[in-house]
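So the structure is just underneath, and the comments pick up after that.
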Amino acid sequence: MQIQVNKSSVEAVDEAQKKQKEAEKKIEQAESKARNEKKRAELEIRKAKKEVKDRTESMKSIEYFWGMGYITVVLFAILQNGAFQHDFIDFFMAPFMWYVRFCKWLVYPTYDNGFNQKIAYTGGEVWVIRILAIVAVLFIMGIIMVIIMETIKQYKKMWNEISQMFLIGSLSGIAVLGDVTRKYLPVNLILLFILINMGIMLLRIYLRKKFDYM
């Protein structure tokens, strides 16, 4: 009887161990299957990401191609626009000519006496006037440079696809309608182009601060 009980106990232990091994085997199979599914999912995700990346790069290439083509057409239109060419030259020549006149004035400083007559400064006041004029010009140029640098800094912060759209759009409008605009609006087209884009930038800054938009 004792031998039979011991035998039954051994069989029960063996059976329990067998079931435990089967359970562990099932767990390992389940874990292996889960790992395989995870690897398969990761592979599919990588394939999907690569496909999206390839399509995005292809779309960017096409967009860049057509964008450059459009810009080329706009540049050719500008080259054929007489008013734009004239204003482009004036935009840079006007400051240069003013500088030349200022240098000539420094050599012989004069002032208007109110009767459209130029009266030359005399004596020691000549050098005082020259120094004051140079200081004033340098001060004004410094302010202008600070404004320009700050404007460029803000423009870089706001630069995105919307900025590109407005930039190219305003340039296209001036290139196409430059001659007509110049007839009815006596303003330098280059200056008008700069003012338009600065106005758009200021408007976008205002909208971003107020509505978190653009």
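In the structure tokens, chains take letters A, B, ... by order of appearance, with residues numbered from 1 within each chain and ligands from 1 in the order shown.
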**OP:** Apply DSSP to the backbone of this structure and, from region 95-205 of chain A, keep only the residues in strand (DSSP E); write these as a ChimeraX atom specification.
**Re:** /A:110-112,118-120
**OP:** Find the residue from A:Val74, A:Asp179, A:Arg101, A:Leu106 that sits nearest to Val128 (chain A); use only C-alpha atoms when measuring.
**Re:** A:Leu106
Original post:
With distances taken over only C-alpha atoms, which of A:Leu43, A:Ala133, A:Val107, A:Ile205 is nearest to Met158 (chain A)?
Top reply: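 Closest to Met158 (chain A) of all the choices is A:Ile205.
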Residues of region 132-189 of chain A at most 12 Å from region 92-99 of chain A: nearest atom pair and distance in Å, only C-alpha atoms, as a tab-separated table:
residue	atom	partner	partner_atom	distance
A:Ile134	CA	A:Tyr99	CA	11.5
A:Val137	CA	A:Tyr99	CA	10.1
A:Met141	CA	A:Pro95	CA	11.5
A:Asn188	CA	A:Ala94	CA	10.9
**OP:** Identify, on the basis of only C-alpha atoms, every residue whose closest approach to region 118-125 of chain A does not exceed 10 Å; exclude the query and any residue fewer than 5 positions from it along the same chain; express the result as number ranges by chain.
**Re:** A: 105, 108-113, 130-131
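If you look at CA of Phe84 (chain A) and CA of Ile190 (chain A), they are 7.5 Å away from each other.
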Original post:
Quick one: residues within 12 Å of Gln85 (chain A), only C-alpha atoms counted, chain neighbours fewer than 6 positions away excluded, as a PyMOL selection string?
Top reply: chain A and resi 75-79+91-92+174-175+178-179+182+188-190
Could you turn the residues from that selection into a file that holds N, CA and C atoms, as a PDB file, in the first residue's frame?
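The resulting file, result.pdb, is shown below:
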ATOM      1  N   LEU A  75      11.617  86.458 -63.287  1.00  0.00           N
ATOM      2  CA  LEU A  75      12.848  87.223 -63.512  1.00  0.00           C
ATOM      3  C   LEU A  75      12.947  87.710 -64.954  1.00  0.00           C
ATOM      4  N   PHE A  76      12.540  86.866 -65.898  1.00  0.00           N
ATOM      5  CA  PHE A  76      12.534  87.298 -67.294  1.00  0.00           C
ATOM      6  C   PHE A  76      11.538  88.434 -67.504  1.00  0.00           C
ATOM      7  N   ALA A  77      10.392  88.341 -66.824  1.00  0.00           N
ATOM      8  CA  ALA A  77       9.407  89.421 -66.924  1.00  0.00           C
ATOM      9  C   ALA A  77       9.965  90.722 -66.350  1.00  0.00           C
ATOM     10  N   ILE A  78      10.738  90.595 -65.271  1.00  0.00           N
ATOM     11  CA  ILE A  78      11.360  91.782 -64.675  1.00  0.00           C
ATOM     12  C   ILE A  78      12.377  92.398 -65.630  1.00  0.00           C
ATOM     13  N   LEU A  79      13.161  91.534 -66.279  1.00  0.00           N
ATOM     14  CA  LEU A  79      14.167  92.037 -67.214  1.00  0.00           C
ATOM     15  C   LEU A  79      13.534  92.783 -68.386  1.00  0.00           C
ATOM     16  N   PHE A  91      17.161 103.096 -57.333  1.00  0.00           N
ATOM     17  CA  PHE A  91      17.162 102.704 -55.923  1.00  0.00           C
ATOM     18  C   PHE A  91      18.572 102.726 -55.343  1.00  0.00           C
ATOM     19  N   PHE A  92      19.554 102.372 -56.168  1.00  0.00           N
ATOM     20  CA  PHE A  92      20.938 102.369 -55.696  1.00  0.00           C
ATOM     21  C   PHE A  92      21.684 103.649 -56.080  1.00  0.00           C
ATOM     22  N   ILE A 174       4.564  93.101 -59.226  1.00  0.00           N
ATOM     23  CA  ILE A 174       5.345  94.256 -59.660  1.00  0.00           C
ATOM     24  C   ILE A 174       5.953  94.008 -61.035  1.00  0.00           C
ATOM     25  N   ALA A 175       6.383  92.761 -61.272  1.00  0.00           N
ATOM     26  CA  ALA A 175       6.984  92.443 -62.570  1.00  0.00           C
ATOM     27  C   ALA A 175       5.973  92.580 -63.700  1.00  0.00           C
ATOM     28  N   GLY A 178       4.269  96.458 -63.275  1.00  0.00           N
ATOM     29  CA  GLY A 178       5.193  97.533 -62.925  1.00  0.00           C
ATOM     30  C   GLY A 178       4.988  98.794 -63.738  1.00  0.00           C
ATOM     31  N   ASP A 179       4.871  98.650 -65.049  1.00  0.00           N
ATOM     32  CA  ASP A 179       4.707  99.825 -65.913  1.00  0.00           C
ATOM     33  C   ASP A 179       3.415 100.570 -65.599  1.00  0.00           C
ATOM     34  N   ARG A 182       3.635 102.260 -62.167  1.00  0.00           N
ATOM     35  CA  ARG A 182       4.522 103.432 -62.186  1.00  0.00           C
ATOM     36  C   ARG A 182       3.829 104.658 -62.777  1.00  0.00           C
ATOM     37  N   ASN A 188       9.087 104.458 -56.184  1.00  0.00           N
ATOM     38  CA  ASN A 188      10.061 103.490 -56.672  1.00  0.00           C
ATOM     39  C   ASN A 188       9.533 102.065 -56.462  1.00  0.00           C
ATOM     40  N   LEU A 189       9.564 101.251 -57.516  1.00  0.00           N
ATOM     41  CA  LEU A 189       9.000  99.900 -57.437  1.00  0.00           C
ATOM     42  C   LEU A 189       9.773  99.012 -56.463  1.00  0.00           C
ATOM     43  N   ILE A 190      11.080  99.199 -56.376  1.00  0.00           N
ATOM     44  CA  ILE A 190      11.862  98.417 -55.409  1.00  0.00           C
ATOM     45  C   ILE A 190      11.450  98.792 -53.991  1.00  0.00           C
TER      46      ILE A 190
END
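Excluding Ile194 (chain A) itself and same-chain residues fewer than 5 positions from it, the residues having an atom within 12 Å of it are A:Phe91, A:Ile148, A:Thr151, A:Ile152, A:Tyr155, A:Phe166, A:Leu167, A:Ser170, A:Leu171, A:Ile174, A:Val187, A:Asn188, A:Leu189, A:Gly199, A:Ile200, A:Met201, counting only C-alpha atoms.
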Would you put the residues from that selection into a file with N, CA and C atoms, as a PDB file, in the first residue's frame?
ATOM      1  N   PHE A  91      17.161 103.096 -57.333  1.00  0.00           N
ATOM      2  CA  PHE A  91      17.162 102.704 -55.923  1.00  0.00           C
ATOM      3  C   PHE A  91      18.572 102.726 -55.343  1.00  0.00           C
ATOM      4  N   ILE A 148      17.378  98.139 -40.213  1.00  0.00           N
ATOM      5  CA  ILE A 148      17.502  97.110 -41.249  1.00  0.00           C
ATOM      6  C   ILE A 148      17.846  95.755 -40.634  1.00  0.00           C
ATOM      7  N   THR A 151      14.882  94.380 -38.811  1.00  0.00           N
ATOM      8  CA  THR A 151      13.879  93.920 -39.774  1.00  0.00           C
ATOM      9  C   THR A 151      14.262  92.566 -40.355  1.00  0.00           C
ATOM     10  N   ILE A 152      15.535  92.413 -40.715  1.00  0.00           N
ATOM     11  CA  ILE A 152      16.010  91.131 -41.249  1.00  0.00           C
ATOM     12  C   ILE A 152      15.868  90.027 -40.203  1.00  0.00           C
ATOM     13  N   TYR A 155      12.272  89.135 -39.938  1.00  0.00           N
ATOM     14  CA  TYR A 155      11.838  88.458 -41.165  1.00  0.00           C
ATOM     15  C   TYR A 155      12.306  87.007 -41.173  1.00  0.00           C
ATOM     16  N   PHE A 166       3.967  85.234 -50.303  1.00  0.00           N
ATOM     17  CA  PHE A 166       3.784  86.684 -50.417  1.00  0.00           C
ATOM     18  C   PHE A 166       4.963  87.334 -51.143  1.00  0.00           C
ATOM     19  N   LEU A 167       6.166  86.842 -50.883  1.00  0.00           N
ATOM     20  CA  LEU A 167       7.347  87.413 -51.528  1.00  0.00           C
ATOM     21  C   LEU A 167       7.285  87.237 -53.042  1.00  0.00           C
ATOM     22  N   SER A 170       4.197  89.226 -54.530  1.00  0.00           N
ATOM     23  CA  SER A 170       4.418  90.671 -54.684  1.00  0.00           C
ATOM     24  C   SER A 170       5.418  90.957 -55.794  1.00  0.00           C
ATOM     25  N   LEU A 171       6.445  90.115 -55.898  1.00  0.00           N
ATOM     26  CA  LEU A 171       7.428  90.291 -56.968  1.00  0.00           C
ATOM     27  C   LEU A 171       6.787  90.065 -58.335  1.00  0.00           C
ATOM     28  N   ILE A 174       4.564  93.101 -59.226  1.00  0.00           N
ATOM     29  CA  ILE A 174       5.345  94.256 -59.660  1.00  0.00           C
ATOM     30  C   ILE A 174       5.953  94.008 -61.035  1.00  0.00           C
ATOM     31  N   VAL A 187       6.104 106.093 -57.135  1.00  0.00           N
ATOM     32  CA  VAL A 187       6.965 105.568 -56.082  1.00  0.00           C
ATOM     33  C   VAL A 187       7.886 104.522 -56.690  1.00  0.00           C
ATOM     34  N   ASN A 188       9.087 104.458 -56.184  1.00  0.00           N
ATOM     35  CA  ASN A 188      10.061 103.490 -56.672  1.00  0.00           C
ATOM     36  C   ASN A 188       9.533 102.065 -56.462  1.00  0.00           C
ATOM     37  N   LEU A 189       9.564 101.251 -57.516  1.00  0.00           N
ATOM     38  CA  LEU A 189       9.000  99.900 -57.437  1.00  0.00           C
ATOM     39  C   LEU A 189       9.773  99.012 -56.463  1.00  0.00           C
ATOM     40  N   GLY A 199       5.128  95.397 -44.654  1.00  0.00           N
ATOM     41  CA  GLY A 199       3.762  95.508 -44.149  1.00  0.00           C
ATOM     42  C   GLY A 199       3.141  94.151 -43.876  1.00  0.00           C
ATOM     43  N   ILE A 200       3.373  93.210 -44.781  1.00  0.00           N
ATOM     44  CA  ILE A 200       2.855  91.852 -44.586  1.00  0.00           C
ATOM     45  C   ILE A 200       3.491  91.208 -43.355  1.00  0.00           C
ATOM     46  N   MET A 201       4.795  91.424 -43.184  1.00  0.00           N
ATOM     47  CA  MET A 201       5.484  90.858 -42.028  1.00  0.00           C
ATOM     48  C   MET A 201       4.929  91.435 -40.725  1.00  0.00           C
TER      49      MET A 201
END
Original post:
Where in region 24-120 of chain A does DSSP assign alpha helix (DSSP H), given as a PyMOL selection string?
Top reply: chain A and resi 24-79+82-107
Restricted to C-alpha atoms, what would the selected residues look like written as a short mmCIF file (atom, residue, chain, number, x, y, z; two decimals), in the first residue's frame?
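part17.cif, freshly written:
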data_model
loop_
_atom_site.label_atom_id
_atom_site.label_comp_id
_atom_site.auth_asym_id
_atom_site.auth_seq_id
_atom_site.Cartn_x
_atom_site.Cartn_y
_atom_site.Cartn_z
CA GLU A 24 6.22 27.27 -20.05
CA LYS A 25 6.49 26.05 -23.63
CA LYS A 26 3.21 27.73 -24.51
CA ILE A 27 4.40 30.93 -22.83
CA GLU A 28 7.65 30.81 -24.80
CA GLN A 29 5.72 30.21 -28.01
CA ALA A 30 3.41 33.10 -27.21
CA GLU A 31 6.37 35.37 -26.40
CA SER A 32 8.16 34.27 -29.57
CA LYS A 33 5.03 34.95 -31.59
CA ALA A 34 4.67 38.36 -29.95
CA ARG A 35 8.30 39.17 -30.75
CA ASN A 36 7.84 38.10 -34.34
CA GLU A 37 4.68 40.18 -34.62
CA LYS A 38 6.51 43.15 -33.12
CA LYS A 39 9.39 42.75 -35.57
CA ARG A 40 6.94 42.43 -38.44
CA ALA A 41 5.08 45.54 -37.28
CA GLU A 42 8.34 47.49 -36.92
CA LEU A 43 9.36 46.38 -40.40
CA GLU A 44 6.02 47.53 -41.82
CA ILE A 45 6.36 50.85 -40.01
CA ARG A 46 9.86 51.35 -41.42
CA LYS A 47 8.62 50.50 -44.89
CA ALA A 48 5.72 52.93 -44.52
CA LYS A 49 8.02 55.69 -43.23
CA LYS A 50 10.46 55.11 -46.07
CA GLU A 51 7.64 55.22 -48.59
CA VAL A 52 6.29 58.45 -47.09
CA LYS A 53 9.80 59.94 -47.06
CA ASP A 54 10.38 58.98 -50.70
CA ARG A 55 7.05 60.46 -51.74
CA THR A 56 7.73 63.63 -49.75
CA GLU A 57 11.15 64.04 -51.33
CA SER A 58 9.65 63.43 -54.75
CA MET A 59 6.95 66.05 -54.13
CA LYS A 60 9.56 68.50 -52.85
CA SER A 61 11.67 67.93 -55.95
CA ILE A 62 8.68 68.54 -58.20
CA GLU A 63 7.67 71.60 -56.17
CA TYR A 64 11.22 72.95 -56.31
CA PHE A 65 11.38 72.37 -60.07
CA TRP A 66 8.14 74.21 -60.77
CA GLY A 67 8.99 76.90 -58.22
CA MET A 68 12.33 77.60 -59.86
CA GLY A 69 10.62 77.61 -63.24
CA TYR A 70 8.09 80.15 -62.02
CA ILE A 71 10.81 82.34 -60.49
CA THR A 72 12.74 82.17 -63.76
CA VAL A 73 9.67 83.36 -65.66
CA VAL A 74 9.21 86.19 -63.16
CA LEU A 75 12.85 87.22 -63.51
CA PHE A 76 12.53 87.30 -67.29
CA ALA A 77 9.41 89.42 -66.92
CA ILE A 78 11.36 91.78 -64.67
CA LEU A 79 14.17 92.04 -67.21
CA GLY A 82 11.39 99.02 -68.24
CA ALA A 83 9.95 100.71 -65.16
CA PHE A 84 11.38 98.06 -62.86
CA GLN A 85 14.82 98.33 -64.45
CA HIS A 86 14.75 102.11 -64.17
CA ASP A 87 13.64 102.02 -60.53
CA PHE A 88 16.20 99.33 -59.71
CA ILE A 89 19.00 101.59 -60.93
CA ASP A 90 17.51 104.63 -59.18
CA PHE A 91 17.16 102.70 -55.92
CA PHE A 92 20.94 102.37 -55.70
CA MET A 93 21.95 105.48 -57.60
CA ALA A 94 19.91 107.89 -55.46
CA PRO A 95 21.87 107.19 -52.23
CA PHE A 96 25.13 107.25 -54.16
CA MET A 97 24.35 110.61 -55.77
CA TRP A 98 23.28 111.99 -52.41
CA TYR A 99 26.63 110.84 -50.98
CA VAL A 100 28.50 112.58 -53.80
CA ARG A 101 26.57 115.82 -53.22
CA PHE A 102 27.20 115.57 -49.49
CA CYS A 103 30.95 115.17 -50.06
CA LYS A 104 30.94 118.22 -52.33
CA TRP A 105 28.99 120.16 -49.72
CA LEU A 106 31.56 119.20 -47.06
CA VAL A 107 34.29 120.78 -49.16
#
